[in-house]
Each structure stands twice: as C-alpha cells, then as structure tokens.
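Here's the structure we're looking at; comments come further down.
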Amino acid sequence: MLNSIRELYRYRALIVVLVSRDLKARYRGSVLGFMWSMLNPFLMMLVYWLVFSIYLRNGMEHYHVYLFCGLLPWLWFSASLLEGCGSIISGANLVKKVMFPAEILPLVVVISNLIHFCFGLPILAGFLIIYRIIPGLNILVFPLIIVIQFVFTFGLVLALSALSVHLRDIQQILTNIVTLWFFMSPIVYNLSDLNLASKPAILSIIMNLNPMKHIMESYHRIFLQNMTDRGSEIFNLPIPWLGLGAVLGFSVILLMVSWRVFNRLKTGFSEEI
Amino acid sequence: MNRYVVELDSITKAFKKHSKRHQFLTLKSTLIRDLWKLKQKNTEVDPGLFWALKGVDVRIRKGETIGFIGSNGSGKSTVLKIIAGILKPTTGRVSVTGRLSALIELGAGFHPEISGRENIFINGIMLGLTKQQIREKFDEIVDFADLRDFIDNPVRTYSSGMFMRLGFAVAVHVNPDILLIDEVLAVGDQTFVHKCLERIFDFKRRGKTIIVVTHDLGAVEKLCSRAVWLSQGIQKSEGPAREIIGAYLLSVARKEEERYATEHEQIQEALDRQVQDDAKSECDQGESPVEIIPIGGEQTGKRWGNRKIEITRFRILDATEHERYLFLTGEDVLFEIQYQAKETISAVVFGVGFYLQDGTWCYGSNTDIERYTINVEEGTGKIRIRFPQLNLIQNTYLIDVAVHGVDSSPYDFHSRMYRIAFRSNQGESGIFRPDHDWTFHGPGLDVKQIGDPIRMSLLDSNDEMEESGETK
C-alpha cells in the first residue's frame with residue numbers, strides 16, 4: 001500500500017487537475033455555480049427539518065443545527081460512495097486510452113466531495129454564530145475526524161469502484177444501501193432518544209458496529225459541544241475515543257484490503273469497460 | 001544507438017469473449033489469482049478466449065520509425081496498447097525505456113463542460129507535462145490547433161474536427177522519446193493533416209522513436225524504415241517497410257483476385273447454362289430478348305443478340321497468359337473472346353469497352369473502327385486484343401464484349417458482364433494515367449522525392465514474394 005501511495009503522490013498534479021476539473025464541471029452552466037455546494041446541504045436540511053421537526057415534532061431546541069451538523073459530513077460520505085462506485089466505468093475513456101494509476105479516479109471523487117464538504121462549513125459556522133454556540137476544546141479533533149472519515153470512505157470506494165467494473169449490479173443496489181445506512185446512523189435523530197438500552201441488545205450492537213455512528217457522534221460533540229437543549233448541554237461529552245480508534249483501525253485495514261483487491265482487478269479494467 | 005527502447009518478447013494477448021456467466025467467473029478468478037494460475041495452462045484451448053495476439057517479437061531501436069500494418073482485426077492496435085501499457089500481455093515480456101506519448105485516442109479526458117483552455121492544462125498534465133511546461137507551450141498549442149478564437153468556449157461546443165485538432169495539438173507538444181500513433185492521421189482537413197505529418201517528420205529528424213499503426217500504407221512507406229505485418233494476431237513478417245508493404249499488398253491482392261476469379265467463373269457458368277438451354281430450344285431467329293445475368297453482389301450484366309455468332313467464353317489474361325482479374329496500373333493485359341459461329345457470316349465486328357461502375361464510358365473500340373474486315377465460317381475460334389500497357393488507375397471497371405454485324409445486327413452482346421480491377425501504387429485520381437514526367441525550374445525551388453513508389457508485381461509472384469514475405 002505504501003508503494004501505491006507513493007505512486008499516487010507522483011501523480012499529485014494530475015489529481016489536483018482532475019479534482020479542479022470535477023469542481024469546475026459540476027456547476028458549469030448553472031446560474032448559482034459554486035453556491036450550490038452550500039445550498040444543497042442547506043436545502044436538504046430544510047427537508048428533514050420540515051419532516052422531523054414540524055410534522056414529527058422532534059423536541060430538540062436547535063434541531064436544524066443538529067441536522068446540518070450531521071448532514072454535511074454524511075453528504076460527503078454518501079456522494080463519494082455513489083459517484084465513486086462508478087468512477088472507473090465512467091472514466092472508461094481515460095482508463096482505456098491513457099496510462100495512469102486508475103485508483104486516481106475514485107480518489108478524485110472522494111477529494112472533490114471533501115471540498116464540497118468544506119464549502120458547506122461556512123454555513124455551519126453561520127449557524128453556530130447565530131445561535132451563539134461556541135465550540136469547545138473538542139474542535140481540536142476536527143482534522144483527525146476528517147482523516148478518519150477520509151480513510152474509511154476511500155477504502156470503501158476503492159473496492160466498490162473496482163468490483164462494480166465486473167459486477168455492475170453493485171451500482172444499482174448501492175443507492176438503497178446508502179439510504180438504509182443513512183437512517184441507521186444518528187443524523188436525523190439523537191442516539192440518546194432511541195432508548196437503545198431498553199431494546200434488544202442486538203440493536204445496540206449493530207449500531208456500535210457502524211463506523212458512521214462513531215464518526216457522526218464525533219461531529220456532534222466537536223461542533224455542538226456547547227449547544228444547549230432545554231438547559232442541558234447534551235453534546236458536552238468527551239470524544240468517543242474507543243469507538244473512533246476502532247473505526248480508524250478498521251478503516252486502515254479496509255483500505256489495505258481494498259487496495260489489494262483493486263490492484264488485482266485493475267489489469268482487467270481496460271478490457272472490461 | 002544500439003540500445004533497444006522497446007522490446008516485445010513473444011507477446012500473446014487473449015481477450016475474454018463476453019458472456020454474463022463468464023463475467024462473473026472473471027471476477028472470481030481474478031480475486032483468487034493463485035487458483036487461476038494453476039488453471040492457466042489450459043487457457044490456450046479455452047473457447048471463452050479470443051487470441052488477439054499469438055506471439056509477437058519486435059525490438060525497436062532508439063530513433064527508429066516502425067509501422068505495424070495488417071487488415072482489420074490483425075492485432076495492430078492491441079500491440080500499440082500493450083506498448084503504451086494500457087493493456088497487459090497475457091504472456092510474454094514488454095519493456096519500454098523512455099517517456100512515451102500515445103496518440104491513441106485524441107482528446108481522451110477532455111471534459112465537455114469546461115473550456116478548451118482548461119482542457120489543455122488537464123490533458124497536458126495527464127500526458128505528463130508540468131503546469132509550467134504547459135504554460136510555456138500554451139500559445140504554440142493553441143496556434144497549432146488553430147483554435148485561438150474558441151479557446152475559452154466549453155469543449156462541448158466544438159466540432160469533432162476542432163476536438164481532434166486540440167487533442168492532437170496537446171499530444172504532439174508533450175515531447176516524448178517514443179511516439180505511438182494509431183490511425184490518427186485521418187483526422188481533420190488536408191491542411192491539418194499536413195501540419196501533423198510535418199510535426200511527425202520533425203520528431204523523426206530529432207531522432208525520436210516513432211511507432212505507427214495505420215491502414216494508410218502510403219504514410220507507413222513515407223515515414224517508416226521498418227514495418228511489421230500482422231495477420232490475425234500472427235507476426236507474418238518484419239523487415240524494410242517497402243518490402244513488407246509490397247508483400248502485404250500482394251496478399252491483399254491475392255485475396256481479391258480469388259474473389260474476382262470465383263465471380264468470373266460463376267458468370268461463365270451462368271452463360272454456359274444458357275448456351276445449353278438455347279441449344280435445346282433451338283433458338284428463335286426473330287426478336288432477341290435482353291437477358292439479365294447476375295454478376296455478383298447487386299449488379300447484373302445484360303445479354304442480347306440473335307446468337308448467330310455466340311461468345312462462348314471471355315478471358316482476361318496477363319503477360320504470362322494466366323487468367324487474372326486484378327492488375328496493376330500499366331500492366332500488360334490481354335482479352336480473349338472465344339466464339340462459336342453457327343453459320344458462315346461476312347462482315348463481322350468484334351468490340352470491347354470499359355465502363356466505370358457509375359456508367360462512365362472509359363474506352364471502347366471494335367474491329368470495324370480499326371479497319372478490319374472479318375468473315376467468319378461456321379465453327380469455333382478466338383479473337384484477342386492486347387493492351388501492352390493498360391494505364392487505368394485504381395478502380396473496378398466493367399467490360400462490354402460484343403460481336404455484331406457491320407450493319408449493327410446484334411449477334412451476341414455481353415454488356416457490363418465482366419469485371420477487371422486495377423490497383424495502383426500511387427494515390428492519383430481520375431481514370432487514366434498518361435505517361436508523364438515532372439521537371440522543376442525556378443529560383444530556390446527545393447524538390448525532394450521520398451523514395452520511388454513501391455514496386456509491386458502481381459506477375460508469377462506465387463513463390464518469389466511468399467519467400468521474401470516469410471523471411472525476417
């Protein structure tokens with residue numbers, strides 16, 4: 001894997017240029033352009049806020065801020081998965097005609113979605129300012145959580161992109177899996193509201209095996225550490241180091257395995273697509 | 001200079017034939033590579049595999065220009081992709097030394113939504129340039145592609161020609177040690193093609209290695225010192241370009257020759273059958289209906305006449321009196337008309353004519369025009385007309401053969417019934433090649449001719465050319 005990383009480093013100029021191509025091309029022709037990077041998560045937040053806060057009467061005080069705080073990183077994750085999965089197939093004209101390490105294609109997808117994520121951060125900051133939620137010391141963990149989510153996402157996308165070249169059905173099923181995954185992670189609801197302790201143990205085990213649960217929880221504790229909900233600071237909790245550490249370890253192993261799978265499959269790319 | 005920059009060592013390449021089941025199996029077997037290796041011994045007989053290359057050995061020195069030729073599906077492009085590293089050979093060894101630029105698909109990686117300017121940067125970096133280098137060459141690239149007015153428009157608004165020009169412009173400014181060219185000389189208008197060729201010759205002068213795959217044998221001949229001829233994945237021969245092109249053209253001609261021969265035979269059989277039918281029904285002396293004779297494909301020939309004299313056979317012969325249907329421009333061609341007269345007739349005229357397939361009359365003459373008076377007695381005989389140097393140029397011509405009276409009473413007309421094809425080694429256009437010479441007078445005139453046209457002979461070539469074709 002180290003060799004592969006070194007190889008990718010040699011191609012950094014290409015990665016930069018492909019990411020910027022991705023970013024430029026995405027909103028080219030639309031009136032609002034880059035604004036969409038911010039508007040999209042905001043509008044999505046409005047949708048969930050409408051459903052869960054107005055209709056379902058979720059009682060959390062700054063529920064939309066909570067939602068936005070989770071949706072933003074989730075969009076990075078889900079968009080990377082959905083786009084990245086088909087990245088080798090849709091990059092066929094490159095893979096077949098130009099010699100370069102094919103793993104650049106899924107990597108570019110993850111990176112450009114990370115950049116969209118970063119574009120959304122000012123909105124989050126705006127919310128925090130408006131509601132005077134001052135981040136606490138947990139904010140220092142923010143860079144680390146990005147790294148962890150990055151490794152996890154890239155590991156997953158790498159394997160999926162290679163496998164879906166041979167088994168295109170993956171692309172079809174993935175949309176549903178991502179939706180399921182979304183509701184299995186604490187984004188629209190707060191975990192403590194679920195009362196998992198009073199439910200069969202298996203549910204709480206499944207929840208804890210979900211890497212995105214730990215990642216999402218961390219985001220909440222990083223940004224909303226000082227948010228009050230009816231007087232109590234529900235997110236003023238320490239970072240879940242144990243879970244996060246496990247996710248990091250798992251992600252690194254996942255990435256190594258994915259890279260192996262990818263390298264095995266990549267000789268066949270130019271013939272299969 | 002003696003170092004090889006590209007070495008192909010007994011390269012084979014198998015492609016999987018696609019089937020759903022197979023696709024799943026490939027995934028499985030690729031993931032479990034070690035198991036697959038055990039089974040690999042059997043791959044040669046695996047019916048699910050298509051062998052695009054069956055053993056190619058080529059060594060290319062620095063500064064050499066080499067062309068791969070062969071008909072469609074011979075594996076030329078596969079070889080190029082293997083050299084480029086885009087495909088991995090199934091067995092065999094490839095080694096490439098030096099920076100390589102492949103003009104395989106121009107504009108691969110162009111994104112339609114972003115401007116030509118940005119695409120130049122992206123494409124350039126993809127091909128291994130740095131941003132700085134592209135910035136330096138940017139104007140040169142834009143001028144080469146002749147797209148200055150459009151460079152800030154999104155590439156999706158470009159015509160396909162503009163797209164190709166931009167792709168080529170970027171690719172040739174990469175300044176590689178080894179340049180791979182696959183069939184890209186067919187893009188753009190004549191001016192642009194000339195610009196491309198100039199650029200490629202420039203590479204050649206600077207001692208870069210160039211590897212070309214093309215159907216344009218003229219380009220191979222002009223550009224390459226050496227050629228490799230592939231046929232269905234087998235390396236048929238390798239050697240000096242002109243020799244190999246000659247051998248290749250010959251083999252193509254042979255195949256065509258065979259096709260024409262079969263067709264001619266079929267026409268002859270159809271005519272023979274008619275003769276027998278007529279004999280049975282004691283041909284009526286009155287009105288002679290026009291008969292339609294299929295002569296292959298959609299085409300038909302016409303036959304009419306009262307058959308007092310019948311053309312029983314028409315043969316096209318070469319200088320060695322062998323029946324042939326495919327000739328080179330300027331070859332010695334002989335027509336032989338065999339006839340059968342049912343009674344003694346005086347003042348008979350034999351004639352021939354050439355037509356293009358669109359009906360253009362290229363040439364026609366008969367014995368009467370040329371002041372022969374012919375009286376025919378009952379029985380059989382043959383008339384021959386010889387063209388010591390038939391200068392028709394590359395095309396397929398239809399032939400009229402007729403026997404009639406001086407008073408125009410039709411005995412037997414065979415109209416557009418036979419075919420003769422010409423191939424020429426020059427790319428001239430028109431119908432006819434008059435003998436000619438060029439002379440040049442003028443101050444500062446710089447005239448060069450790159451070699452002579454390829455000498456190719458279809459004459460009793462059976463053994464001789466085959467030999468030189470097989471030797472390496």
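Chain labels run A, B, ... following the order of the structure tokens; each chain numbers its residues from 1, and ligands are numbered from 1 in the order shown.
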Could you give me, as a PyMOL selection string, the residues within 12 Å of range 318-324 of chain B, counting only C-alpha atoms and dropping anything in the same chain fewer than 3 positions from it?
chain B and resi 253-254+256-265+314-315+327-328+330-336+384-390+418-422+457-461
Which residues in range 326-467 of chain B does DSSP call strand (DSSP E)? List them as a PyMOL selection string.
chain B and resi 326-328+331-341+345-356+361-366+374-376+379-390+395-405+410-423
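Take the candidates B:Val155, B:Ile311, B:Met417, B:Ile345 and check each one against Gln299 in chain B using only C-alpha atoms; the shortest distance goes to B:Met417.
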Per residue of range 200-242 of chain A within 12 Å of range 185-191 of chain A, what are the shortest atom pair and its distance in Å to one decimal, counting only C-alpha atoms, with rows by chain and residue number, as a Markdown table?
```
| residue | atom | partner | partner_atom | distance |
| --- | --- | --- | --- | --- |
| A:Leu203 | CA | A:Leu191 | CA | 11.9 |
| A:Ser204 | CA | A:Leu191 | CA | 10.2 |
| A:Ile206 | CA | A:Ser185 | CA | 10.5 |
| A:Met207 | CA | A:Ser185 | CA | 7.5 |
| A:Asn208 | CA | A:Ser185 | CA | 9.8 |
| A:Leu209 | CA | A:Ser185 | CA | 10.7 |
| A:Asn210 | CA | A:Ser185 | CA | 7.5 |
| A:Pro211 | CA | A:Ser185 | CA | 8.9 |
| A:Met212 | CA | A:Ser185 | CA | 6.3 |
| A:Lys213 | CA | A:Ser185 | CA | 5.1 |
| A:His214 | CA | A:Ser185 | CA | 8.8 |
| A:Ile215 | CA | A:Ser185 | CA | 9.3 |
| A:Met216 | CA | A:Pro186 | CA | 6.6 |
| A:Glu217 | CA | A:Pro186 | CA | 7.2 |
| A:Ser218 | CA | A:Pro186 | CA | 10.7 |
| A:Tyr219 | CA | A:Ile187 | CA | 10.2 |
| A:His220 | CA | A:Ile187 | CA | 9.3 |
| A:Arg221 | CA | A:Asn190 | CA | 11.7 |
| A:Asp229 | CA | A:Asn190 | CA | 11.8 |
| A:Ile234 | CA | A:Asn190 | CA | 9.7 |
| A:Phe235 | CA | A:Asn190 | CA | 9.9 |
```
Any idea what the distance is between CA of Met184 in chain A and CA of Leu248 in chain A?
19.5 Å
Can you build me a table of chain A residues sitting at most 9 Å from chain B, with the closest atom pair per residue and its distance in Å to one decimal, using only C-alpha atoms, sorted by chain and residue number, as a Markdown table?
```
| residue | atom | partner | partner_atom | distance |
| --- | --- | --- | --- | --- |
| A:Tyr11 | CA | B:Met126 | CA | 8.9 |
| A:Ala13 | CA | B:Ile125 | CA | 6.9 |
| A:Leu14 | CA | B:Ile125 | CA | 5.8 |
| A:Val17 | CA | B:Ile122 | CA | 5.8 |
| A:Leu18 | CA | B:Ile122 | CA | 7.0 |
| A:Arg21 | CA | B:Ile114 | CA | 7.5 |
| A:Asp22 | CA | B:His111 | CA | 8.9 |
| A:Lys24 | CA | B:Ile114 | CA | 7.1 |
| A:Ala25 | CA | B:Glu113 | CA | 5.5 |
| A:Arg26 | CA | B:Glu113 | CA | 8.3 |
| A:Arg28 | CA | B:Glu113 | CA | 6.5 |
| A:Gly29 | CA | B:Glu113 | CA | 8.1 |
| A:Gly91 | CA | B:Gly109 | CA | 8.1 |
| A:Asn93 | CA | B:Ala108 | CA | 5.8 |
| A:Leu94 | CA | B:Gly109 | CA | 5.6 |
| A:Val95 | CA | B:Ile86 | CA | 7.6 |
| A:Lys96 | CA | B:Ile86 | CA | 6.3 |
| A:Lys97 | CA | B:Glu105 | CA | 6.1 |
| A:Val98 | CA | B:Ile86 | CA | 6.8 |
| A:Met99 | CA | B:Ile86 | CA | 5.6 |
| A:Phe100 | CA | B:Met126 | CA | 7.9 |
| A:Leu163 | CA | B:Leu27 | CA | 7.8 |
| A:His166 | CA | B:Leu27 | CA | 5.9 |
| A:Leu167 | CA | B:Phe24 | CA | 7.0 |
| A:Val261 | CA | B:Leu31 | CA | 6.9 |
| A:Arg264 | CA | B:Thr30 | CA | 6.5 |
| A:Leu265 | CA | B:Thr30 | CA | 6.4 |
| A:Thr267 | CA | B:Lys88 | CA | 6.6 |
| A:Gly268 | CA | B:Leu87 | CA | 8.2 |
| A:Phe269 | CA | B:Leu87 | CA | 8.9 |
| A:Ser270 | CA | B:Leu87 | CA | 6.6 |
| A:Glu271 | CA | B:Phe15 | CA | 7.4 |
| A:Glu272 | CA | B:Gln23 | CA | 8.6 |
```
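Restricting the calculation to only C-alpha atoms, the smallest distance between Leu356 in chain B and any of B:Asp368, B:Glu136, B:Glu377, B:Asp400 is found for B:Asp400.
Within the 7 Å cut-off around Asp177 in chain B, using only C-alpha atoms and omitting residues fewer than 2 positions from it on the same chain, the listed residues are Gly98, Arg99, Leu100, Asn175, Leu179, Lys208 and Thr209 of chain B.
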Kindly save the residues from that selection, with N, CA, C and O atoms included, as a PDB file, in the first residue's frame.
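Okay, this is what ended up in out.pdb:
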```pdb
ATOM      1  N   GLY B  98      12.097   5.067 -21.648  1.00  0.00           N
ATOM      2  CA  GLY B  98      11.916   6.445 -22.092  1.00  0.00           C
ATOM      3  C   GLY B  98      10.487   6.906 -21.984  1.00  0.00           C
ATOM      4  O   GLY B  98       9.569   6.116 -21.800  1.00  0.00           O
ATOM      5  N   ARG B  99      10.328   8.233 -22.086  1.00  0.00           N
ATOM      6  CA  ARG B  99       8.984   8.798 -21.971  1.00  0.00           C
ATOM      7  C   ARG B  99       8.194   8.530 -23.244  1.00  0.00           C
ATOM      8  O   ARG B  99       8.682   8.668 -24.344  1.00  0.00           O
ATOM      9  N   LEU B 100       6.948   8.157 -23.028  1.00  0.00           N
ATOM     10  CA  LEU B 100       6.152   7.684 -24.145  1.00  0.00           C
ATOM     11  C   LEU B 100       4.881   8.509 -24.232  1.00  0.00           C
ATOM     12  O   LEU B 100       4.274   8.841 -23.231  1.00  0.00           O
ATOM     13  N   ASN B 175       6.354  16.224 -26.288  1.00  0.00           N
ATOM     14  CA  ASN B 175       7.778  15.992 -26.491  1.00  0.00           C
ATOM     15  C   ASN B 175       8.262  14.678 -25.889  1.00  0.00           C
ATOM     16  O   ASN B 175       9.092  14.658 -25.000  1.00  0.00           O
ATOM     17  N   LEU B 179       6.947   8.001 -29.614  1.00  0.00           N
ATOM     18  CA  LEU B 179       5.619   8.479 -30.002  1.00  0.00           C
ATOM     19  C   LEU B 179       4.832   7.314 -30.613  1.00  0.00           C
ATOM     20  O   LEU B 179       5.304   6.665 -31.542  1.00  0.00           O
ATOM     21  N   LYS B 208      13.661  10.802 -32.532  1.00  0.00           N
ATOM     22  CA  LYS B 208      12.728  10.154 -31.614  1.00  0.00           C
ATOM     23  C   LYS B 208      12.258   8.838 -32.239  1.00  0.00           C
ATOM     24  O   LYS B 208      12.282   8.669 -33.451  1.00  0.00           O
ATOM     25  N   THR B 209      11.841   7.969 -31.377  1.00  0.00           N
ATOM     26  CA  THR B 209      11.332   6.691 -31.855  1.00  0.00           C
ATOM     27  C   THR B 209       9.839   6.858 -32.144  1.00  0.00           C
ATOM     28  O   THR B 209       9.115   7.392 -31.324  1.00  0.00           O
TER      29      THR B 209
END
```
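Distances to Cys196 in chain B were evaluated for B:Val220, B:Ile11, B:Ile178, B:Ala169 using only C-alpha atoms, and the minimum falls at B:Ala169.
Using only C-alpha atoms, the residues found no farther than 8 Å from Ser161 in chain A, other than those of its own chain fewer than 3 positions away, are Gly84, Cys85, Gly86, Ser87, Ile88, Ile89, Pro106, Val157, Leu158, Ser164 and Val165 of chain A.
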Provide the CA of Leu254 in chain A to CA of Val151 in chain A distance in Å, to one decimal place.
8.7 Å
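Restricting the calculation to only C-alpha atoms, the smallest distance between Glu103 in chain A and any of A:Phe154, A:Pro200, A:Gly231, A:Ile273 is found for A:Phe154.
Coordinates place CA of Pro101 in chain A at a distance of 24.7 Å from CA of Arg135 in chain B.
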Which neighbours of Leu224 in chain A fall inside 9 Å, counting only C-alpha atoms, when residues of the same chain fewer than 3 positions from it are skipped, and could you give them as a PyMOL selection string?
chain A and resi 65-66+69+128+133-136+219-221+227-228+233-236
Quick one: residues within 10 Å of Pro294 in chain B, only C-alpha atoms, excluding same-chain residues fewer than 4 positions away - as a PDB file with C-alpha atoms, in the first residue's frame?
```pdb
ATOM      1  CA  GLU B 263     -17.228 -14.350 -59.617  1.00  0.00           C
ATOM      2  CA  GLN B 266     -19.929 -18.006 -61.824  1.00  0.00           C
ATOM      3  CA  ILE B 267     -20.779 -15.682 -64.675  1.00  0.00           C
ATOM      4  CA  ALA B 270     -24.433 -18.932 -65.956  1.00  0.00           C
ATOM      5  CA  GLU B 298     -26.378  -6.368 -56.587  1.00  0.00           C
ATOM      6  CA  GLN B 299     -25.005  -5.966 -60.041  1.00  0.00           C
ATOM      7  CA  THR B 300     -26.219  -7.531 -63.200  1.00  0.00           C
ATOM      8  CA  GLY B 301     -24.966  -7.719 -66.714  1.00  0.00           C
ATOM      9  CA  LYS B 302     -27.135  -7.779 -69.831  1.00  0.00           C
ATOM     10  CA  MET B 417     -20.859  -8.530 -67.682  1.00  0.00           C
TER      11      MET B 417
END
```
Quick one: residues within 12 Å of Met35 in chain A, only C-alpha atoms, excluding same-chain residues fewer than 2 positions away - as a PyMOL selection string?
chain A and resi 23+26-28+30-33+37-43+116+119-120+122-123
So that I have them on file, write out the residues from the current selection with N, CA and C atoms, as an mmCIF file, in the first residue's frame.
```
data_model
loop_
_atom_site.group_PDB
_atom_site.id
_atom_site.type_symbol
_atom_site.label_atom_id
_atom_site.label_comp_id
_atom_site.auth_asym_id
_atom_site.auth_seq_id
_atom_site.Cartn_x
_atom_site.Cartn_y
_atom_site.Cartn_z
ATOM 1 N N LEU A 23 -14.732 19.920 -10.032
ATOM 2 C CA LEU A 23 -15.407 21.025 -9.376
ATOM 3 C C LEU A 23 -15.929 22.035 -10.387
ATOM 4 N N ARG A 26 -18.904 20.579 -12.513
ATOM 5 C CA ARG A 26 -20.160 20.226 -11.860
ATOM 6 C C ARG A 26 -21.218 21.315 -11.982
ATOM 7 N N TYR A 27 -20.823 22.536 -11.696
ATOM 8 C CA TYR A 27 -21.823 23.604 -11.680
ATOM 9 C C TYR A 27 -21.727 24.497 -12.903
ATOM 10 N N ARG A 28 -20.885 24.087 -13.872
ATOM 11 C CA ARG A 28 -20.742 24.879 -15.077
ATOM 12 C C ARG A 28 -22.097 25.007 -15.771
ATOM 13 N N SER A 30 -24.735 26.423 -14.531
ATOM 14 C CA SER A 30 -25.814 26.789 -13.615
ATOM 15 C C SER A 30 -25.573 28.207 -13.122
ATOM 16 N N VAL A 31 -26.655 28.911 -12.848
ATOM 17 C CA VAL A 31 -26.530 30.333 -12.514
ATOM 18 C C VAL A 31 -25.801 30.534 -11.186
ATOM 19 N N LEU A 32 -26.140 29.725 -10.221
ATOM 20 C CA LEU A 32 -25.581 29.938 -8.888
ATOM 21 C C LEU A 32 -24.189 29.341 -8.711
ATOM 22 N N GLY A 33 -23.791 28.446 -9.626
ATOM 23 C CA GLY A 33 -22.435 27.911 -9.599
ATOM 24 C C GLY A 33 -22.070 27.291 -8.270
ATOM 25 N N SER A 37 -22.850 24.215 -3.751
ATOM 26 C CA SER A 37 -22.157 23.398 -2.746
ATOM 27 C C SER A 37 -22.674 23.702 -1.350
ATOM 28 N N MET A 38 -23.090 24.962 -1.140
ATOM 29 C CA MET A 38 -23.613 25.334 0.173
ATOM 30 C C MET A 38 -25.118 25.120 0.222
ATOM 31 N N LEU A 39 -25.759 25.453 -0.900
ATOM 32 C CA LEU A 39 -27.219 25.392 -0.918
ATOM 33 C C LEU A 39 -27.740 23.964 -0.781
ATOM 34 N N ASN A 40 -27.070 23.038 -1.434
ATOM 35 C CA ASN A 40 -27.570 21.666 -1.418
ATOM 36 C C ASN A 40 -27.744 21.105 -0.020
ATOM 37 N N PRO A 41 -26.689 21.120 0.816
ATOM 38 C CA PRO A 41 -26.899 20.596 2.173
ATOM 39 C C PRO A 41 -27.918 21.431 2.960
ATOM 40 N N PHE A 42 -27.960 22.731 2.670
ATOM 41 C CA PHE A 42 -28.900 23.585 3.380
ATOM 42 C C PHE A 42 -30.346 23.194 3.054
ATOM 43 N N LEU A 43 -30.609 22.996 1.763
ATOM 44 C CA LEU A 43 -31.957 22.615 1.344
ATOM 45 C C LEU A 43 -32.329 21.242 1.884
ATOM 46 N N HIS A 116 -16.447 19.924 -1.439
ATOM 47 C CA HIS A 116 -17.828 20.392 -1.284
ATOM 48 C C HIS A 116 -18.203 20.468 0.187
ATOM 49 N N PHE A 119 -16.884 23.547 1.570
ATOM 50 C CA PHE A 119 -17.686 24.707 1.177
ATOM 51 C C PHE A 119 -18.924 24.867 2.060
ATOM 52 N N GLY A 120 -19.409 23.757 2.589
ATOM 53 C CA GLY A 120 -20.592 23.813 3.427
ATOM 54 C C GLY A 120 -20.280 24.299 4.838
ATOM 55 N N PRO A 122 -18.820 27.005 6.086
ATOM 56 C CA PRO A 122 -19.202 28.375 6.474
ATOM 57 C C PRO A 122 -20.661 28.475 6.912
ATOM 58 N N ILE A 123 -21.543 27.692 6.304
ATOM 59 C CA ILE A 123 -22.946 27.736 6.711
ATOM 60 C C ILE A 123 -23.087 27.218 8.130
#
```
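Minimum atom-to-atom distance to Phe182 in chain A, evaluated using only C-alpha atoms, belongs to A:Pro73 out of A:Leu46, A:Pro73, A:Trp36, A:Leu255.
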